[in-house]
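Student: So I've got this file, model-v6.cif, and it contains mmCIF, C-alpha atoms:
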data_start
#
loop_
_atom_site.label_atom_id
_atom_site.label_comp_id
_atom_site.auth_asym_id
_atom_site.auth_seq_id
_atom_site.Cartn_x
_atom_site.Cartn_y
_atom_site.Cartn_z
CA MET A 52 0.00 0.00 0.00
CA LYS A 53 2.37 2.69 -1.22
CA GLY A 54 0.53 5.93 -1.77
CA LYS A 55 2.71 8.89 -1.01
CA LYS A 56 1.67 11.90 -3.03
CA ASN A 57 4.01 14.69 -3.97
CA GLN A 58 2.85 17.80 -2.16
CA VAL A 59 5.17 20.38 -3.71
CA VAL A 60 2.39 21.79 -5.90
CA TYR A 61 0.18 22.37 -2.85
CA ALA A 62 3.08 24.03 -1.08
CA ILE A 63 3.64 26.49 -3.94
CA VAL A 64 -0.08 27.32 -4.11
CA VAL A 65 -0.24 27.89 -0.34
CA ILE A 66 2.86 30.12 -0.39
CA ILE A 67 1.39 32.23 -3.22
CA LEU A 68 -1.92 32.55 -1.34
CA ALA A 69 -0.06 33.50 1.86
CA ILE A 70 1.85 36.24 0.04
CA LEU A 71 -1.34 37.55 -1.63
CA PHE A 72 -3.04 37.65 1.76
CA ALA A 73 -0.03 39.50 3.18
CA VAL A 74 -0.32 42.10 0.40
CA TYR A 75 -4.02 42.50 1.23
CA LEU A 76 -3.21 42.91 4.94
CA PHE A 77 -0.49 45.43 4.08
CA THR A 78 -3.11 47.67 2.43
CA ILE A 79 -5.03 47.71 5.74
CA SER A 80 -2.02 48.02 8.05
CA PRO A 81 1.68 47.09 7.58
CA LEU A 82 1.71 45.79 11.15
CA LEU A 83 -0.95 43.21 10.32
CA SER A 84 1.15 41.70 7.54
CA PHE A 85 4.12 41.62 9.93
CA PHE A 86 1.99 39.66 12.43
CA TRP A 87 0.85 37.34 9.63
CA PHE A 88 4.42 36.53 8.60
CA SER A 89 5.77 36.18 12.13
CA GLY A 90 2.91 33.76 12.89
CA LEU A 91 3.66 31.73 9.78
CA PHE A 92 7.38 31.58 10.58
CA VAL A 93 6.78 30.52 14.19
CA GLY A 94 4.48 27.77 12.93
CA PHE A 95 7.04 26.66 10.35
CA ILE A 96 9.83 26.50 12.92
CA LEU A 97 7.59 24.66 15.42
CA GLN A 98 6.69 22.06 12.81
CA LYS A 99 10.20 21.53 11.48
CA SER A 100 11.90 21.45 14.86
CA ARG A 101 9.21 19.28 16.54
CA PHE A 102 9.45 21.65 19.45
CA CYS A 103 7.03 20.40 22.08
CA PHE A 104 6.42 21.81 25.54
CA VAL A 105 4.47 18.72 26.59
CA ALA A 106 7.33 16.37 25.78
CA ALA A 107 9.77 18.77 27.43
CA LEU A 108 7.93 18.50 30.74
CA ARG A 109 6.66 14.92 30.46
CA ASP A 110 9.49 12.90 28.93
CA PRO A 111 12.09 13.29 31.69
CA TYR A 112 9.75 11.44 34.08
CA LEU A 113 8.15 9.04 31.68
CA ILE A 114 10.92 7.90 29.35
CA GLY A 115 14.00 9.72 30.56
CA GLY A 116 14.36 11.82 27.41
CA VAL A 117 15.73 15.30 28.03
CA ASP A 118 16.55 16.76 24.59
CA LEU A 119 13.36 18.83 24.38
CA THR A 120 13.65 19.93 28.00
CA LYS A 121 17.08 21.32 27.18
CA ALA A 122 15.65 23.04 24.10
CA VAL A 123 12.92 24.70 26.18
CA LEU A 124 15.46 25.87 28.76
CA ILE A 125 17.68 27.35 26.03
CA ALA A 126 14.64 29.05 24.50
CA LEU A 127 13.75 30.50 27.92
CA ALA A 128 17.29 31.79 28.36
CA ILE A 129 17.27 33.46 24.92
CA THR A 130 13.85 35.05 25.57
CA THR A 131 15.02 36.26 28.98
CA ILE A 132 17.99 38.04 27.43
CA GLY A 133 15.94 39.38 24.50
CA PHE A 134 13.13 40.77 26.61
CA THR A 135 15.55 42.29 29.10
CA ILE A 136 17.24 44.15 26.24
CA ILE A 137 13.90 45.38 24.86
CA LYS A 138 12.61 46.50 28.26
CA TYR A 139 15.90 48.04 29.36
CA TRP A 140 16.02 49.96 26.10
CA LEU A 141 12.55 51.35 26.90
CA VAL A 142 13.71 52.30 30.41
CA ILE A 143 16.81 54.22 29.30
CA ASN A 144 14.73 56.04 26.68
CA ASN A 145 12.13 56.98 29.32
CA GLU A 146 9.36 55.17 27.48
CA PRO A 147 6.60 53.31 29.33
CA LEU A 148 7.34 49.63 29.92
CA ILE A 149 5.24 47.29 27.82
CA GLY A 150 3.64 44.14 29.17
CA LEU A 151 3.55 45.18 32.82
CA ASN A 152 -0.18 44.50 33.05
CA TYR A 153 0.55 40.84 32.25
CA ILE A 154 2.44 40.43 35.50
CA THR A 155 0.08 38.76 37.92
CA PRO A 156 0.75 37.83 41.53
CA ILE A 157 2.02 34.36 42.35
CA SER A 158 -0.87 32.50 43.92
CA LEU A 159 -2.56 29.16 44.31
CA ALA A 160 -4.27 29.90 40.98
CA THR A 161 -0.91 29.33 39.24
CA VAL A 162 -0.58 25.90 40.88
CA ILE A 163 -4.18 24.85 40.18
CA GLY A 164 -4.00 26.14 36.62
CA GLY A 165 -0.68 24.43 36.00
CA PHE A 166 -1.98 21.14 37.37
CA LEU A 167 -5.19 21.21 35.30
CA PHE A 168 -3.39 22.28 32.13
CA GLY A 169 -0.71 19.66 32.75
CA ILE A 170 -3.24 16.82 32.93
CA GLY A 171 -5.06 18.18 29.90
CA MET A 172 -2.02 18.58 27.70
CA VAL A 173 -0.61 15.14 28.44
CA LEU A 174 -3.98 13.46 27.74
CA ALA A 175 -4.52 15.54 24.61
CA GLY A 176 -0.94 14.98 23.45
CA GLY A 177 -0.29 18.63 22.82
CA CYS A 178 0.05 22.02 24.46
CA SER A 179 -1.42 25.04 22.75
CA SER A 180 1.36 25.62 20.22
CA GLY A 181 1.81 21.89 19.54
CA THR A 182 -1.91 21.36 19.00
CA LEU A 183 -2.17 24.28 16.58
CA MET A 184 0.90 23.08 14.71
CA ARG A 185 -0.36 19.50 14.33
CA VAL A 186 -3.84 20.63 13.30
CA GLY A 187 -2.08 22.60 10.58
CA GLU A 188 -0.24 19.43 9.59
CA GLY A 189 -3.57 17.69 9.16
CA PHE A 190 -3.55 15.49 12.25
CA GLN A 191 -7.31 15.07 12.66
CA LEU A 192 -7.22 13.66 16.19
CA GLN A 193 -6.07 17.00 17.47
CA LEU A 194 -8.85 18.85 15.70
CA ILE A 195 -11.00 17.52 18.55
CA VAL A 196 -8.41 18.83 20.99
CA LEU A 197 -8.55 22.23 19.28
CA ILE A 198 -12.34 22.42 19.65
CA PHE A 199 -12.16 21.72 23.39
CA PHE A 200 -9.11 23.96 23.70
CA ILE A 201 -11.26 26.84 22.40
CA ILE A 202 -14.18 25.88 24.70
CA GLY A 203 -11.80 25.63 27.68
CA SER A 204 -10.10 28.95 26.96
CA THR A 205 -13.48 30.65 26.64
CA LEU A 206 -14.65 29.19 29.96
CA GLY A 207 -11.33 30.18 31.54
CA ALA A 208 -11.63 33.75 30.33
CA HIS A 209 -15.25 33.80 31.54
CA ASP A 210 -14.31 32.69 35.07
CA PHE A 211 -11.03 34.59 35.32
CA GLY A 212 -12.59 37.34 37.41
CA TRP A 213 -13.68 34.78 40.03
CA TRP A 214 -10.20 33.23 40.29
CA LYS A 215 -8.71 36.68 40.55
CA LYS A 216 -11.11 37.63 43.34
CA ILE A 217 -10.70 34.55 45.54
CA LEU A 218 -7.03 33.68 44.96
CA MET A 219 -5.01 36.41 43.36
CA SER A 220 -6.11 39.66 44.95
CA TYR A 221 -4.35 39.10 48.31
CA ASN A 222 -0.85 38.67 46.93
CA LYS A 223 1.60 41.32 45.89
CA THR A 224 2.75 41.55 42.28
CA ILE A 225 6.44 40.80 41.97
CA PHE A 226 8.48 42.28 39.15
CA LEU A 227 12.05 41.05 39.58
CA PRO A 228 13.89 44.19 38.33
CA ASP A 229 12.13 46.20 41.09
CA PHE A 230 13.87 44.05 43.67
CA PHE A 231 17.23 43.14 42.15
CA GLY A 232 17.78 45.79 39.49
CA TRP A 233 17.86 44.91 35.80
CA LEU A 234 21.24 43.23 35.79
CA GLY A 235 20.53 41.38 39.03
CA ALA A 236 17.17 40.09 37.78
CA LEU A 237 18.77 38.95 34.52
CA ALA A 238 21.60 37.21 36.39
CA LEU A 239 19.18 35.56 38.83
CA GLN A 240 16.88 34.23 36.14
CA LEU A 241 19.73 33.01 33.95
CA SER A 242 21.42 31.23 36.85
CA ILE A 243 18.18 29.44 37.77
CA ILE A 244 17.83 28.32 34.15
CA ALA A 245 21.48 27.23 34.14
CA LEU A 246 20.97 25.21 37.34
CA LEU A 247 17.94 23.50 35.82
CA TYR A 248 19.99 22.76 32.70
CA VAL A 249 22.79 21.16 34.70
CA PHE A 250 20.26 19.12 36.67
CA ILE A 251 18.37 17.92 33.59
CA ASN A 252 21.64 17.10 31.84
CA LYS A 253 22.64 14.83 34.73
CA TRP A 254 19.13 13.35 34.78
CA GLY A 255 19.45 12.58 31.06
CA ASP A 256 22.83 10.90 31.44
CA LYS A 257 21.34 8.69 34.12
CA ASN A 258 18.03 7.81 32.44
CA THR A 259 18.25 8.02 28.64
CA GLY A 260 18.52 4.92 26.52
CA LYS A 261 18.82 2.32 29.24
CA TYR A 262 17.03 -0.51 27.50
CA MET B 16 10.66 -8.91 12.68
CA LYS B 17 8.43 -7.67 15.44
CA LYS B 18 5.85 -5.16 14.28
CA ILE B 19 4.27 -2.55 16.54
CA ASP B 20 1.08 -0.89 15.40
CA CYS B 21 0.89 2.63 16.81
CA LEU B 22 -1.77 4.04 14.49
CA GLY B 23 -3.91 6.47 16.45
CA ASP B 24 -1.51 6.55 19.38
CA MET B 25 -0.15 9.87 20.43
CA CYS B 26 3.16 10.60 22.10
CA PRO B 27 4.43 9.14 24.37
CA ILE B 28 2.57 5.86 23.80
CA PRO B 29 4.56 4.82 20.67
CA ILE B 30 7.80 5.35 22.61
CA LEU B 31 6.55 3.32 25.57
CA LYS B 32 5.36 0.48 23.31
CA THR B 33 8.70 0.46 21.47
CA LYS B 34 10.61 0.48 24.73
CA LYS B 35 8.64 -2.54 25.92
CA ALA B 36 9.20 -4.38 22.64
CA LEU B 37 12.92 -3.59 22.57
CA LYS B 38 13.32 -5.09 26.02
CA LYS B 39 12.09 -8.43 24.71
CA VAL B 40 14.12 -8.70 21.49
CA LYS B 41 17.73 -9.81 21.28
CA SER B 42 20.68 -7.73 20.14
CA LYS B 43 20.85 -6.97 16.36
CA GLU B 44 17.12 -7.66 16.01
CA THR B 45 14.90 -5.03 14.37
CA VAL B 46 11.53 -3.72 15.47
CA GLN B 47 9.16 -2.03 13.05
CA VAL B 48 6.90 0.77 14.30
CA VAL B 49 4.01 2.07 12.23
CA THR B 50 2.74 5.48 13.29
CA ASP B 51 0.57 8.35 12.11
CA HIS B 52 1.90 10.80 14.66
CA SER B 53 4.42 13.16 13.13
CA CYS B 54 6.55 13.66 16.24
CA VAL B 55 7.31 9.99 16.84
CA LEU B 56 10.38 9.75 14.59
CA GLU B 57 11.99 12.75 16.25
CA SER B 58 11.40 11.42 19.74
CA MET B 59 12.65 7.96 18.70
CA LEU B 60 15.88 9.57 17.51
CA SER B 61 16.32 11.44 20.74
CA ASN B 62 15.35 8.57 23.02
CA PHE B 63 17.02 5.58 21.37
CA LYS B 64 20.42 7.13 20.81
CA GLU B 65 22.39 3.90 20.70
CA HIS B 66 19.99 2.17 18.31
CA LYS B 67 20.14 2.23 14.53
CA ILE B 68 17.02 3.94 13.20
CA THR B 69 15.75 4.20 9.65
CA SER B 70 12.36 5.43 8.49
CA GLU B 71 10.12 5.88 5.51
CA GLU B 72 6.95 7.87 4.99
CA VAL B 73 4.92 5.22 3.18
CA ILE B 74 1.69 7.18 2.75
CA ASN B 75 1.27 10.87 3.51
CA GLY B 76 1.17 11.04 7.28
CA ILE B 77 2.03 7.37 7.92
CA TRP B 78 5.57 6.49 8.89
CA GLU B 79 7.34 3.16 9.17
CA ILE B 80 10.25 3.31 11.56
CA TYR B 81 12.84 0.52 11.89
CA ILE B 82 14.82 0.29 15.08
CA THR B 83 17.69 -2.12 15.47
CA LYS B 84 18.87 -3.00 18.92
CA PRO B 85 22.63 -2.46 19.31
#
Turn the structure described in the file into structure tokens.

Tutor:
Amino acid sequence: MKGKKNQVVYAIVVIILAILFAVYLFTISPLLSFFWFSGLFVGFILQKSRFCFVAALRDPYLIGGVDLTKAVLIALAITTIGFTIIKYWLVINNEPLIGLNYITPISLATVIGGFLFGIGMVLAGGCSSGTLMRVGEGFQLQLIVLIFFIIGSTLGAHDFGWWKKILMSYNKTIFLPDFFGWLGALALQLSIIALLYVFINKWGDKNTGKY
Amino acid sequence: MKKIDCLGDMCPIPILKTKKALKKVKSKETVQVVTDHSCVLESMLSNFKEHKITSEEVINGIWEIYITKP
């Protein structure tokens, strides 16, 4: 039963359509076409690299694989440095800091949310980015996941006020540079990531491929 | 050759099934895994580092992976 079709023609058609759509978006707003392309590139890289947050968190326990965990830690380190540069640049130019309203207090809501999402993503076989990427690939099983992902997110957004009221309103918001300075916060976060990397590397040496 | 049918199984089930099968076979023996989950090959490569692994996409979205025990 050999039936592999050549998909190059589809690829060319899709690329042409994507560019045409980008041109259309550009006539509305150049920023929109930038978002369109950055989304497409992130998806492309996710698909080609098989980057998977679920596997990164699950595999060290379950099968002793640590490659993706290392990849996630490296990605976190790069984002930490990148965002520090962007935000520090805003600070020295006296511009308002972006993204500060996304900083929410540490609370039990983080633990409960992490636990629920953790169960969900392992059962569904995909976190948000992984699910979207595999739906794009045509993996129909995860189309079901996507439907419930949308329902779940909507319910979550609907009840967010309640969680905020009972769990999050008592705690103080912590923004690391306020406490340690920009360089100190960067150093602290990078050293925690480095410690995790060393630990997971040792874990991998001990557990990978022992069968 | 032992054949493992992983159609419809999502990660990490194909890896766990393969692990189980590899424990039973002798050295130099090959196990064939059939999967429709695109991430399986990549995780096989990163989890069975000492094994020899070849693969073929036989139909669009169906992969046959051959793993030889060292």

Student: Can you report as AutoDock Vina command-line options the centre and edge lengths in Å, to one decimal, of an axis-aligned box around the listed atoms of region 102-118 of chain A padded with 4 Å on each side?

Tutor:
--center_x 10.5 --center_y 14.9 --center_z 26.8 --size_x 20.1 --size_y 21.9 --size_z 22.6

Student: Point out the residue among A:Met219, A:Leu76, A:Leu247, A:Ile143 with the least atom-to-atom distance to Ile157 (chain A), counting all atoms listed in the file.

Tutor: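 Ranked by minimum distance to Ile157 (chain A), first place goes to A:Met219.
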
Student: Could you pull the residues within 12 Å of Gly171 (chain A), counting all atoms listed in the file, minus those fewer than 5 positions along the same chain, as a short mmCIF file (atom, residue, chain, number, x, y, z; two decimals) with C-alpha atoms, keeping the file's coordinate frame?

Tutor:
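The resulting file, selection.cif, is reproduced below:
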data_model
loop_
_atom_site.label_atom_id
_atom_site.label_comp_id
_atom_site.auth_asym_id
_atom_site.auth_seq_id
_atom_site.Cartn_x
_atom_site.Cartn_y
_atom_site.Cartn_z
CA VAL A 105 4.47 18.72 26.59
CA GLY A 164 -4.00 26.14 36.62
CA GLY A 165 -0.68 24.43 36.00
CA PHE A 166 -1.98 21.14 37.37
CA GLY A 176 -0.94 14.98 23.45
CA GLY A 177 -0.29 18.63 22.82
CA CYS A 178 0.05 22.02 24.46
CA SER A 179 -1.42 25.04 22.75
CA THR A 182 -1.91 21.36 19.00
CA VAL A 196 -8.41 18.83 20.99
CA LEU A 197 -8.55 22.23 19.28
CA PHE A 199 -12.16 21.72 23.39
CA PHE A 200 -9.11 23.96 23.70
CA GLY A 203 -11.80 25.63 27.68
#

Student: Would you mind listing, for every residue of chain A within 12 Å of chain B, the two atoms forming the shortest contact and the distance between them in Å to one decimal, using all atoms listed in the file, sorted by chain and ascending residue number, as CSV?

Tutor:
residue,atom,partner,partner_atom,distance
A:Met52,CA,B:Val73,CA,7.8
A:Lys53,CA,B:Val73,CA,5.7
A:Gly54,CA,B:Ile74,CA,4.8
A:Lys55,CA,B:Ile74,CA,4.3
A:Lys56,CA,B:Asn75,CA,6.6
A:Asn57,CA,B:Asn75,CA,8.8
A:Gln58,CA,B:Asn75,CA,9.1
A:Leu97,CA,B:Cys54,CA,11.1
A:Gln98,CA,B:Cys54,CA,9.1
A:Lys99,CA,B:Cys54,CA,9.9
A:Ser100,CA,B:Glu57,CA,8.8
A:Arg101,CA,B:Cys54,CA,6.2
A:Phe102,CA,B:Cys54,CA,9.1
A:Cys103,CA,B:Cys54,CA,8.9
A:Val105,CA,B:Cys26,CA,9.4
A:Ala106,CA,B:Pro27,CA,7.9
A:Ala107,CA,B:Ser58,CA,10.8
A:Leu108,CA,B:Pro27,CA,11.9
A:Arg109,CA,B:Pro27,CA,8.7
A:Asp110,CA,B:Pro27,CA,7.8
A:Pro111,CA,B:Asn62,CA,10.4
A:Tyr112,CA,B:Pro27,CA,11.3
A:Leu113,CA,B:Pro27,CA,8.2
A:Ile114,CA,B:Leu31,CA,7.4
A:Gly115,CA,B:Asn62,CA,7.7
A:Gly116,CA,B:Asn62,CA,5.6
A:Val117,CA,B:Ser61,CA,8.3
A:Asp118,CA,B:Ser61,CA,6.6
A:Leu119,CA,B:Ser61,CA,8.8
A:Thr120,CA,B:Ser61,CA,11.5
A:Lys121,CA,B:Ser61,CA,11.8
A:Met172,CA,B:Cys26,CA,11.0
A:Val173,CA,B:Cys26,CA,8.7
A:Leu174,CA,B:Met25,CA,9.0
A:Ala175,CA,B:Met25,CA,8.3
A:Gly176,CA,B:Met25,CA,6.0
A:Gly177,CA,B:Cys26,CA,8.8
A:Gly181,CA,B:Cys54,CA,10.1
A:Thr182,CA,B:Met25,CA,11.7
A:Met184,CA,B:Ser53,CA,10.6
A:Arg185,CA,B:Ser53,CA,8.0
A:Val186,CA,B:Ser53,CA,11.1
A:Gly187,CA,B:Ser53,CA,11.7
A:Glu188,CA,B:Ser53,CA,8.6
A:Gly189,CA,B:Gly76,CA,8.4
A:Phe190,CA,B:His52,CA,7.6
A:Gln191,CA,B:Gly23,CA,10.0
A:Leu192,CA,B:Gly23,CA,7.9
A:Gln193,CA,B:Met25,CA,9.7
A:Gly255,CA,B:Asn62,CA,9.9
A:Asp256,CA,B:Asn62,CA,11.5
A:Asn258,CA,B:Asn62,CA,9.8
A:Thr259,CA,B:Asn62,CA,6.3
A:Gly260,CA,B:Phe63,CA,5.4
A:Lys261,CA,B:Phe63,CA,8.7
A:Tyr262,CA,B:Lys38,CA,6.1

Student: Given the file shown, enumerate the residues that the PyMOL selection byres ((chain B and resi 68) around 8) captures and present them as a PyMOL selection string.

Tutor: chain B and resi 60+66-67+69-70+80-83

Student: What is the CA of Ala122 (chain A)-CA of Ser158 (chain A) distance in Å, reported with one decimal?

Tutor: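 It comes out at 27.5 Å.
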
Student: So which residues touch region 234-244 of chain A within 7 Å, counting all atoms listed in the file, skipping near sequence neighbours fewer than 6 positions away, as a CSV table (one decimal) with C-alpha atoms, in the coordinates of the input?

Tutor:
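To be explicit, this is the file written out as out_13.csv:
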chain,number,residue,atom,x,y,z
A,124,LEU,CA,15.5,25.9,28.8
A,128,ALA,CA,17.3,31.8,28.4
A,227,LEU,CA,12.0,41.0,39.6
A,228,PRO,CA,13.9,44.2,38.3

Student: Would you work out the distance separating CA of Phe77 (chain A) from CA of Gly90 (chain A), expressed in Å to one decimal?

Tutor: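 Separation between CA of Phe77 (chain A) and CA of Gly90 (chain A): 15.0 Å.
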
Student: Mind pulling up the distance from CA of Leu183 (chain A) to CA of Ser89 (chain A)?

Tutor: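 We find that CA of Ser89 (chain A) and CA of Leu183 (chain A) lie 15.0 Å from each other.
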
Student: Would you mind telling me which residue in B:Val40, B:Pro85, B:Thr45, B:Thr50 lies nearest to Leu22 (chain B) when using all atoms listed in the file?

Tutor: B:Thr50

Student: Identify which of the residues A:Gly133, A:Phe86, A:Val60, A:Ile154 lies closest to Phe72 (chain A), counting only C-alpha atoms when measuring atom-to-atom distances.

Tutor: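 Nearest to Phe72 (chain A): A:Phe86.
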